[in-house]
Each structure stands twice: as C-alpha cells, then as structure tokens.
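Report on one structure; see the data block that follows.
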Amino acid sequence: MNAIEIRNLSKSFRGMYAVDHLNMTVPVGAIYGFIGENGSGKSTTEKLICGHLVPDEGEIKLFGRDYTDAGVRVRVGALIENAGCFPGSSVYQNLRMQTINLGLENPDEEIRRVLEIVRMEDSANIKFKSCSLGMKQRIGIAMALLGDPALLILDEPINGLDTDGMRIMREILVDITQKYGCTVLISSHILGELEKIATHYGIIRQGKMIMEISAEEMDSRAQVFVSVKTKDMKGAGDALLAKYGNVKTEDGYLRVYDVNDTEELVAYLYEKGHVVSELKKNKIGLEEYYIELMSKKEAE
Ligand SMILES: Nc1ncnc2c1ncn2[C@@H]1O[C@H](COP(=O)(O)OP(=O)(O)OP(=O)(O)O)[C@@H](O)[C@H]1O
Ligand SMILES: [Mg+2]
C-alpha cells in the first residue's frame with residue numbers, strides 16, 4: 001500500500017501554477033526525499049496534503065483513502081515552516097497544549113514517548129525560547145509525533161542545523177520509520193544529508209514532478225567514475241581523453257567516467273609515460289545527479 005498517492009494535483013495563486021498537475025507516490029515505510037529548487041512547489045504540495053490549502057483539482061489519497069477522511073487525517077503529523085510553539089512556555093507546556101488540542105488520552109505518557117524519540121527527555125522544563133535551533137526543530141517533530149501518526153510531513157527540518165544537529169535528526173528519522181513504522185515525507189535542499197537516509201526521491205520542478213526514483217534504483221543508475229592524479233595532469237588528461245572520451249578535471253583530479261577496469265587505465269597511463277600517484281573509485285552522488293538532471297531540463 002502507498003502512504004501517499006497523488007494524481008493530477010494542481011494549485012494556483014493569482015493565475016500561476018504553484019503545483020501543476022503533479023503526481024506522487026510514497027510507499028508505506030519510506031523516507032521520501034522531496035527535492036526541488038526554491039519556489040518549485042514543495043511547501044505548497046505539503047500544505048495541500050495536510051489540508052492547510054484547498055486544491056484547484058486533483059486527487060490525494062492517504063493510505064488508500066481520500067485525504068479529507070477524518071479517520072485518515074488523525075494519522076498525519078506535520079512540521080511545516082515552524083513548530084507553532086509559545087516562546088514563553090516550557091517544552092512540556094507546549095506539548096501538553098497540543099495533547100489537549102488533539103484530545104489525547106494519557107497525555108503525560110504520550111509526551112514522555114515523543115520526547116524520548118527526539119532525545120529530549122531531560123529538556124521538558126526548558127522554555128521554548130531558550131532552546132537552540134536544533135532543539136526547536138526536534139520539538140516541532142515531537143509536536144508532530146503526538147498521537148502516533150502513521151505519516152509525518154516535514155518541510156526542511158534540517159535547514160540551519162550544524163553537523164551534530166543533522167546527525168541527531170538523521171537518527172531520529174531512521175528511528176521513526178524503523179521502530180515506529182511511520183512513513184516520512186521530507187523536503188530538503190541539503191542533498192548530501194538526505195542521501196544518507198532517503199529510501200525514495202521525488203524531484204519537482206515548476207510545480208511538476210519530473211522524476212520519482214527509489215534510492216536503490218538511483219544507486220544502480222549512478223555513473224561510476226575513477227579519479228586519478230599524476231604529475232603532468234594536462235598530458236595525462238589528453239591521453240585519457242583519446243582512449244576514454246568522457247574525462248573531466250574536478251577538485252584537482254582527472255575524472256574518468258564508466259571505467260570497467262582500473263588496472264588497465266593505470267597500465268595505459270604508464271605506457272604513455274604518466275605515473276598515477278593517487279586513484280579513487282567513486283559514484284556520482286545525489287547532488288551531482290540532481291544538478292545534471294536540472295541542466296538537462298534547462299536545455300529542453
Ligand atoms: N500563499 C501564497 N500566495 C501566493 N503565491 C504563493 C503562495 N504560496 C506559494 N506561492 C508561490 O507558489 C510557488 C511555489 O512556492 P512553494 O513555497 O511551494 O515553493 P517551495 O518549493 O517550497 O520553495 P522553497 O524551497 O523556497 O521553500 C512560488 O512561486 C510561490 O511564490
Ligand atoms: Mg518551501
């Protein structure tokens with residue numbers, strides 16, 4: 001079953017499409033990385049799924065049911081823009097208010113549960129305004145997790161976080177999916193981070209979904225390349241170009257694509273009088289894949 005299934009979804013503002021006949025499929029249990037440049041329609045799509053905006057046309061199904069169905073709405077938690085917390089109230093008080101809004105039974109137990117998930121068991125009495133950005137983002141996730149949702153929608157939750165903050169967030173998101181069986185839709189610009197956890201990707205451009213792909217498929221499609229260093233980079237570059245065709249200079253290395261046999265490459269360079277001083281085998285990452293895809297679209 002799919003957690004989210006969107007067909008032909010559109011939303012326009014002042015006659016301009018923010019979301020333009022968009023299709024999207026998010027399988028249950030996925031961490032779905034939602035990628036697109038500024039203004040491409042990520043937040044609008046997420047607000048439509050959450051029911052914060054009304055679509056012009058199209059269909060949104062959550063767990064096989066229409067998204068307006070009350071039974072399905074309670075299974076969705078979201079953090080879009082900010083946590084909507086009262087700055088002068090403590091973390092606990094903010095969560096307590098939300099449990100009242102949601103009419104949850106056993107609020108204290110539920111608050112303990114979500115604080116544990118976001119690794120903030122010891123911070124319940126801190127005022128929201130005294131929390132760091134990383135903590136605020138985690139409180140936002142804790143708020144969204146109240147009531148044990150089956151689907152969590154997070155709009156740029158790792159923006160502005162430091163390395164440690166991002167690592168904790170990564171661990172939390174993996175926990176949420178693996179331990180609690182929750183599906184996560186996460187939009188982000190930080191592709192290197194997203195790549196470490198996402199199981200699926202959706203790439204949106206000008207309101208249209210231009211590609212949906214699983215991480216597995218992306219990995220198998222990712223071009224393999226070999227990076228080499230030699231004393232005479234220019235001469236070695238020319239020699240490689242003559243044999244392999246697809247050669248670039250990148251980060252001080254000569255990058256050769258689609259090489260099956262690295263030993264053959266080293267032997268070939270040696271034959272041409274170039275001794276390889278360094279060699280790395282690598283795969284194109286999400287960031288490069290994305291940039292390449294966008295430049296192809298630009299050229300169309
Ligand atoms: N309430 C609104 N009124 C008018 N235009 C809007 C509104 N919300 C979004 N838009 C427009 O819709 C388009 C898509 O915006 P959206 O916020 O969904 O993009 P985004 O992909 O989330 O961008 P970002 O990466 O900057 O967050 C933009 O052109 C934006 O200006
Ligand atoms: Mg946005």
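Letters A, B, ... go to the chains of the structure tokens in the order shown; residues in each chain start at 1; ligands are counted from 1 in the same order.
Summary of the local environment: counting only C-alpha atoms, residues at most 7 Å from region 146-162 of chain A, other than itself and those fewer than 3 positions away along its chain, are Ser43, Val74, Arg75, Val76, Gly77, Ala78, Leu79, Ile80, Glu81, Thr99, Leu104, Glu110, Val114, Gly134, Gln137, Ala142, Met143, Gly165, Met166, Cys182, Thr183, Val184, Leu185, Ile186, Ser187 and Ser188 of chain A.
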For the residues in the current selection, export N, CA and C atoms as a CSV table (one decimal), in the first residue's frame.
```
chain,number,residue,atom,x,y,z
A,43,SER,N,6.6,23.2,-0.6
A,43,SER,CA,5.8,23.5,0.6
A,43,SER,C,4.3,23.5,0.2
A,74,VAL,N,-6.3,12.0,11.2
A,74,VAL,CA,-5.6,11.9,12.5
A,74,VAL,C,-4.3,11.1,12.4
A,75,ARG,N,-4.1,10.5,11.3
A,75,ARG,CA,-2.8,9.7,11.2
A,75,ARG,C,-1.7,10.5,10.6
A,76,VAL,N,-1.9,11.8,10.4
A,76,VAL,CA,-0.9,12.6,9.7
A,76,VAL,C,-0.4,13.6,10.7
A,77,GLY,N,0.9,13.7,10.9
A,77,GLY,CA,1.6,14.7,11.7
A,77,GLY,C,2.5,15.6,10.8
A,78,ALA,N,2.6,16.9,11.1
A,78,ALA,CA,3.3,17.7,10.1
A,78,ALA,C,4.1,18.8,10.9
A,79,LEU,N,5.3,19.1,10.3
A,79,LEU,CA,6.1,20.2,10.7
A,79,LEU,C,6.3,21.1,9.5
A,80,ILE,N,5.5,22.1,9.3
A,80,ILE,CA,5.7,22.9,8.1
A,80,ILE,C,6.0,24.4,8.6
A,81,GLU,N,7.1,24.9,8.1
A,81,GLU,CA,7.5,26.3,8.5
A,81,GLU,C,8.1,26.3,9.9
A,99,THR,N,-1.5,18.1,23.2
A,99,THR,CA,-2.3,16.9,23.6
A,99,THR,C,-3.8,17.3,23.8
A,104,LEU,N,-5.9,13.9,23.4
A,104,LEU,CA,-5.3,12.6,23.6
A,104,LEU,C,-5.5,12.1,25.0
A,110,GLU,N,2.3,10.0,26.6
A,110,GLU,CA,2.5,10.4,25.2
A,110,GLU,C,3.6,11.4,25.1
A,114,VAL,N,7.2,10.9,23.0
A,114,VAL,CA,7.7,11.7,21.9
A,114,VAL,C,9.0,12.4,22.3
A,134,GLY,N,18.4,23.6,16.8
A,134,GLY,CA,18.3,22.2,16.6
A,134,GLY,C,17.2,21.6,17.6
A,137,GLN,N,13.7,22.5,16.3
A,137,GLN,CA,13.3,21.6,15.2
A,137,GLN,C,12.8,20.3,15.8
A,142,ALA,N,8.6,16.5,17.7
A,142,ALA,CA,7.8,15.9,18.8
A,142,ALA,C,6.3,16.3,18.8
A,143,MET,N,6.1,17.5,18.5
A,143,MET,CA,4.7,18.0,18.4
A,143,MET,C,3.9,17.2,17.3
A,165,GLY,N,23.7,18.4,14.9
A,165,GLY,CA,22.2,18.6,14.9
A,165,GLY,C,21.7,17.7,13.7
A,166,MET,N,22.4,17.7,12.6
A,166,MET,CA,21.9,16.9,11.4
A,166,MET,C,22.0,15.5,11.7
A,182,CYS,N,6.6,4.5,10.9
A,182,CYS,CA,6.0,5.7,10.3
A,182,CYS,C,6.6,6.0,9.0
A,183,THR,N,5.8,6.5,8.1
A,183,THR,CA,6.3,7.0,6.8
A,183,THR,C,6.7,8.4,6.9
A,184,VAL,N,7.8,8.8,6.3
A,184,VAL,CA,8.2,10.2,6.4
A,184,VAL,C,8.4,10.9,5.0
A,185,LEU,N,7.7,12.0,4.8
A,185,LEU,CA,8.0,12.8,3.6
A,185,LEU,C,8.8,14.0,4.1
A,186,ILE,N,10.0,14.2,3.5
A,186,ILE,CA,10.8,15.3,4.0
A,186,ILE,C,11.4,16.1,2.8
A,187,SER,N,11.1,17.4,2.9
A,187,SER,CA,11.7,18.2,1.8
A,187,SER,C,13.0,18.8,2.3
A,188,SER,N,14.0,18.9,1.5
A,188,SER,CA,15.3,19.5,1.9
A,188,SER,C,16.1,19.9,0.7
```
Just the residues within 12 Å of Lys234 (chain A), please, counting only C-alpha atoms, with nothing from its chain fewer than 6 positions along; format it as a PyMOL selection string. chain A and resi 240-241+247-249+252-254+274
Now that the selection is made, can you save its residues with N, CA and C atoms as a compact mmCIF listing (two decimals), in the first residue's frame?
```txt
# COMPACT_ATOMS: atom_id res chain seq x y z
N LEU A 240 44.06 10.31 -21.66
CA LEU A 240 42.82 9.64 -21.22
C LEU A 240 41.66 9.97 -22.15
N LEU A 241 41.65 11.22 -22.56
CA LEU A 241 40.57 11.68 -23.45
C LEU A 241 40.58 10.88 -24.76
N VAL A 247 36.11 12.56 -19.98
CA VAL A 247 37.09 12.93 -18.94
C VAL A 247 36.88 14.39 -18.54
N LYS A 248 36.93 14.62 -17.22
CA LYS A 248 36.78 16.00 -16.71
C LYS A 248 37.84 16.27 -15.67
N THR A 249 38.17 17.55 -15.47
CA THR A 249 39.01 17.88 -14.33
C THR A 249 38.11 18.40 -13.22
N GLY A 252 40.85 19.00 -8.58
CA GLY A 252 42.27 18.66 -8.68
C GLY A 252 42.55 17.24 -9.14
N TYR A 253 41.53 16.53 -9.56
CA TYR A 253 41.71 15.17 -10.09
C TYR A 253 41.23 15.12 -11.53
N LEU A 254 41.75 14.15 -12.26
CA LEU A 254 41.18 13.86 -13.58
C LEU A 254 40.11 12.81 -13.34
N HIS A 274 52.90 8.34 -17.89
CA HIS A 274 52.32 9.01 -16.72
C HIS A 274 52.16 8.03 -15.56
```
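Of the listed residues (A:Asn106, A:Asn125, A:Thr44, A:Asn282), A:Thr44 comes nearest to ligand 2; the distances count only C-alpha atoms and all ligand atoms.
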For chain A versus ligand 1, which residues have an atom no more than 6 Å away, and what is each residue's nearest atom pair and distance in Å rounded to one decimal, using only C-alpha atoms and all ligand atoms, chain-then-number order, as CSV?
```
residue,atom,partner,partner_atom_place_in_ligand_line,distance
A:Phe13,CA,ligand 1,4 (C),4.9
A:Ala18,CA,ligand 1,12 (O),4.0
A:Gly36,CA,ligand 1,21 (O),5.9
A:Glu37,CA,ligand 1,25 (O),5.5
A:Asn38,CA,ligand 1,25 (O),3.4
A:Gly39,CA,ligand 1,19 (O),3.3
A:Ser40,CA,ligand 1,21 (O),3.9
A:Gly41,CA,ligand 1,18 (O),3.2
A:Lys42,CA,ligand 1,21 (O),3.7
A:Ser43,CA,ligand 1,22 (O),3.7
A:Thr44,CA,ligand 1,18 (O),3.7
```
Writer output for current selection, N, CA and C atoms, as a PDB file, in the first residue's frame:
```
ATOM      1  N   PHE A  13      -1.879  30.289  -7.619  1.00  0.00           N
ATOM      2  CA  PHE A  13      -2.034  31.556  -6.918  1.00  0.00           C
ATOM      3  C   PHE A  13      -2.003  32.655  -7.965  1.00  0.00           C
ATOM      4  N   ALA A  18       1.394  26.919  -8.753  1.00  0.00           N
ATOM      5  CA  ALA A  18       2.462  26.603  -7.785  1.00  0.00           C
ATOM      6  C   ALA A  18       2.672  25.099  -7.816  1.00  0.00           C
ATOM      7  N   GLY A  36      13.648  20.025  -4.798  1.00  0.00           N
ATOM      8  CA  GLY A  36      13.339  20.979  -5.862  1.00  0.00           C
ATOM      9  C   GLY A  36      13.875  22.345  -5.488  1.00  0.00           C
ATOM     10  N   GLU A  37      14.140  23.161  -6.507  1.00  0.00           N
ATOM     11  CA  GLU A  37      14.700  24.485  -6.225  1.00  0.00           C
ATOM     12  C   GLU A  37      13.679  25.380  -5.519  1.00  0.00           C
ATOM     13  N   ASN A  38      14.112  26.552  -5.071  1.00  0.00           N
ATOM     14  CA  ASN A  38      13.218  27.488  -4.385  1.00  0.00           C
ATOM     15  C   ASN A  38      12.027  27.804  -5.277  1.00  0.00           C
ATOM     16  N   GLY A  39      10.854  27.784  -4.676  1.00  0.00           N
ATOM     17  CA  GLY A  39       9.642  28.149  -5.421  1.00  0.00           C
ATOM     18  C   GLY A  39       9.122  27.067  -6.352  1.00  0.00           C
ATOM     19  N   SER A  40       9.664  25.845  -6.236  1.00  0.00           N
ATOM     20  CA  SER A  40       9.234  24.793  -7.173  1.00  0.00           C
ATOM     21  C   SER A  40       7.905  24.162  -6.758  1.00  0.00           C
ATOM     22  N   GLY A  41       7.458  24.419  -5.535  1.00  0.00           N
ATOM     23  CA  GLY A  41       6.131  23.936  -5.124  1.00  0.00           C
ATOM     24  C   GLY A  41       6.134  22.872  -4.032  1.00  0.00           C
ATOM     25  N   LYS A  42       7.267  22.696  -3.351  1.00  0.00           N
ATOM     26  CA  LYS A  42       7.359  21.661  -2.309  1.00  0.00           C
ATOM     27  C   LYS A  42       6.419  21.963  -1.139  1.00  0.00           C
ATOM     28  N   SER A  43       6.574  23.178  -0.572  1.00  0.00           N
ATOM     29  CA  SER A  43       5.751  23.521   0.602  1.00  0.00           C
ATOM     30  C   SER A  43       4.276  23.533   0.244  1.00  0.00           C
ATOM     31  N   THR A  44       3.952  24.034  -0.947  1.00  0.00           N
ATOM     32  CA  THR A  44       2.538  24.069  -1.355  1.00  0.00           C
ATOM     33  C   THR A  44       1.982  22.647  -1.425  1.00  0.00           C
TER      34      THR A  44
END
```
Determine, counting only C-alpha atoms, which protein, DNA and RNA residues have an atom within 9 Å of an atom of region 171-179 of chain A; residues of the same chain fewer than 6 positions away are not included. Present the result as a ChimeraX atom specification. /A:29-31,117-119,138,197
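Secondary structure of region 68-116 of chain A, strand (DSSP E or B) only (DSSP, backbone atoms): Val76, Gly77, Ala78, Leu79 and Ser90 of chain A.
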Residues at most 7 Å from Ala215 (chain A), counting only C-alpha atoms, excluding those fewer than 4 positions away in the same chain, as a PyMOL selection string? chain A and resi 198-201+219
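The closest residue to Thr25 (chain A), picked from A:Met294, A:Met233, A:Val72, A:Met209 and counting only C-alpha atoms, is A:Met209.
Within 10 Å of Ala236 (chain A), once only C-alpha atoms are used and residues closer than 4 positions along the same chain are dropped, the contacting residues are A:Val228, A:Lys229, A:Thr230, A:Lys231, A:Asp232, A:Leu240, A:Leu241, A:Ala242, A:Leu254, A:Leu269, A:Tyr270, A:Lys272, A:Gly273, A:His274, A:Val275, A:Val276.
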Output N, CA and C atoms for every residue in the selection just made, as a PDB file, in the first residue's frame.
```pdb
ATOM      1  N   VAL A 228      41.952  10.258 -10.863  1.00  0.00           N
ATOM      2  CA  VAL A 228      43.400   9.998 -10.782  1.00  0.00           C
ATOM      3  C   VAL A 228      44.191  11.296 -10.711  1.00  0.00           C
ATOM      4  N   LYS A 229      45.367  11.184 -10.082  1.00  0.00           N
ATOM      5  CA  LYS A 229      46.306  12.305 -10.051  1.00  0.00           C
ATOM      6  C   LYS A 229      47.625  11.829 -10.628  1.00  0.00           C
ATOM      7  N   THR A 230      48.242  12.685 -11.430  1.00  0.00           N
ATOM      8  CA  THR A 230      49.590  12.394 -11.931  1.00  0.00           C
ATOM      9  C   THR A 230      50.343  13.716 -11.923  1.00  0.00           C
ATOM     10  N   LYS A 231      51.657  13.656 -12.187  1.00  0.00           N
ATOM     11  CA  LYS A 231      52.439  14.899 -12.192  1.00  0.00           C
ATOM     12  C   LYS A 231      51.984  15.822 -13.316  1.00  0.00           C
ATOM     13  N   ASP A 232      51.875  15.242 -14.513  1.00  0.00           N
ATOM     14  CA  ASP A 232      51.502  16.034 -15.690  1.00  0.00           C
ATOM     15  C   ASP A 232      50.004  15.826 -15.980  1.00  0.00           C
ATOM     16  N   LEU A 240      44.058  10.306 -21.659  1.00  0.00           N
ATOM     17  CA  LEU A 240      42.818   9.645 -21.221  1.00  0.00           C
ATOM     18  C   LEU A 240      41.659   9.974 -22.147  1.00  0.00           C
ATOM     19  N   LEU A 241      41.645  11.224 -22.560  1.00  0.00           N
ATOM     20  CA  LEU A 241      40.572  11.680 -23.450  1.00  0.00           C
ATOM     21  C   LEU A 241      40.581  10.878 -24.757  1.00  0.00           C
ATOM     22  N   ALA A 242      41.808  10.621 -25.254  1.00  0.00           N
ATOM     23  CA  ALA A 242      41.936   9.888 -26.513  1.00  0.00           C
ATOM     24  C   ALA A 242      41.369   8.472 -26.379  1.00  0.00           C
ATOM     25  N   LEU A 254      41.753  14.152 -12.261  1.00  0.00           N
ATOM     26  CA  LEU A 254      41.184  13.856 -13.580  1.00  0.00           C
ATOM     27  C   LEU A 254      40.109  12.805 -13.345  1.00  0.00           C
ATOM     28  N   LEU A 269      48.091   4.568 -18.753  1.00  0.00           N
ATOM     29  CA  LEU A 269      48.756   5.842 -18.457  1.00  0.00           C
ATOM     30  C   LEU A 269      50.272   5.643 -18.342  1.00  0.00           C
ATOM     31  N   TYR A 270      50.677   4.532 -17.704  1.00  0.00           N
ATOM     32  CA  TYR A 270      52.103   4.234 -17.525  1.00  0.00           C
ATOM     33  C   TYR A 270      52.787   4.118 -18.886  1.00  0.00           C
ATOM     34  N   LYS A 272      51.943   5.520 -21.509  1.00  0.00           N
ATOM     35  CA  LYS A 272      52.040   6.858 -22.118  1.00  0.00           C
ATOM     36  C   LYS A 272      52.989   7.770 -21.344  1.00  0.00           C
ATOM     37  N   GLY A 273      53.654   7.198 -20.335  1.00  0.00           N
ATOM     38  CA  GLY A 273      54.647   7.963 -19.583  1.00  0.00           C
ATOM     39  C   GLY A 273      54.101   8.710 -18.371  1.00  0.00           C
ATOM     40  N   HIS A 274      52.904   8.344 -17.893  1.00  0.00           N
ATOM     41  CA  HIS A 274      52.318   9.012 -16.721  1.00  0.00           C
ATOM     42  C   HIS A 274      52.164   8.034 -15.562  1.00  0.00           C
ATOM     43  N   VAL A 275      52.838   8.363 -14.450  1.00  0.00           N
ATOM     44  CA  VAL A 275      52.712   7.506 -13.269  1.00  0.00           C
ATOM     45  C   VAL A 275      51.565   8.037 -12.407  1.00  0.00           C
ATOM     46  N   VAL A 276      50.633   7.155 -12.076  1.00  0.00           N
ATOM     47  CA  VAL A 276      49.483   7.560 -11.245  1.00  0.00           C
ATOM     48  C   VAL A 276      49.918   7.637  -9.789  1.00  0.00           C
TER      49      VAL A 276
END
```
Minimum-distance residue to ligand 2, chosen among A:Glu216, A:Asp258, A:Glu46, A:Glu57 (using only C-alpha atoms and all ligand atoms): A:Glu46
DSSP-assigned helix (DSSP H, G or I) among region 114-203 of chain A, expressed as a ChimeraX atom specification: /A:114-117,121-123,128-130,133-145,163-178,191-197
My list of candidates is A:Glu109, A:Arg65, A:Tyr92, A:Arg255. Which is closest to Ala124 (chain A) when distances are computed with only C-alpha atoms? A:Tyr92
List the neighbours of Asp261 (chain A) out to 10 Å using only C-alpha atoms; skip same-chain residues closer than 4 positions along the sequence, and give me the result as an mmCIF file with C-alpha atoms, in the first residue's frame.
```
data_model
loop_
_atom_site.group_PDB
_atom_site.id
_atom_site.type_symbol
_atom_site.label_atom_id
_atom_site.label_comp_id
_atom_site.auth_asym_id
_atom_site.auth_seq_id
_atom_site.Cartn_x
_atom_site.Cartn_y
_atom_site.Cartn_z
ATOM 1 C CA VAL A 226 37.665 6.951 -11.371
ATOM 2 C CA LEU A 265 43.665 2.510 -17.011
ATOM 3 C CA VAL A 266 46.770 2.702 -14.799
#
```
Which residues are near Gly64 (chain A)? Cut-off 9 Å, only C-alpha atoms, ignore same chain within fewer than 6 positions. Put them as a list of chain:residue names. A:Met1, A:Asn2, A:Ala3, A:Ile4, A:Glu5
To one decimal place, how far is CA of Glu288 (chain A) from CA of Glu195 (chain A) in Å? 11.6 Å
How far is it from CA of Leu194 (chain A) to CA of Ile35 (chain A), in Å with one decimal? 9.4 Å
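Interatomic distance, CA of Thr262 (chain A) against CA of Ala239 (chain A): 15.0 Å.
Taking only C-alpha atoms and all ligand atoms into account, ligand 2 lies nearest to A:Ile204 out of the set A:Arg96, A:Arg112, A:Ile204, A:Leu102.
Ranking A:Arg73, A:Arg170, A:His21, A:His189 by their shortest atom-to-atom distance to ligand 2, with only C-alpha atoms and all ligand atoms included, puts A:His189 first.
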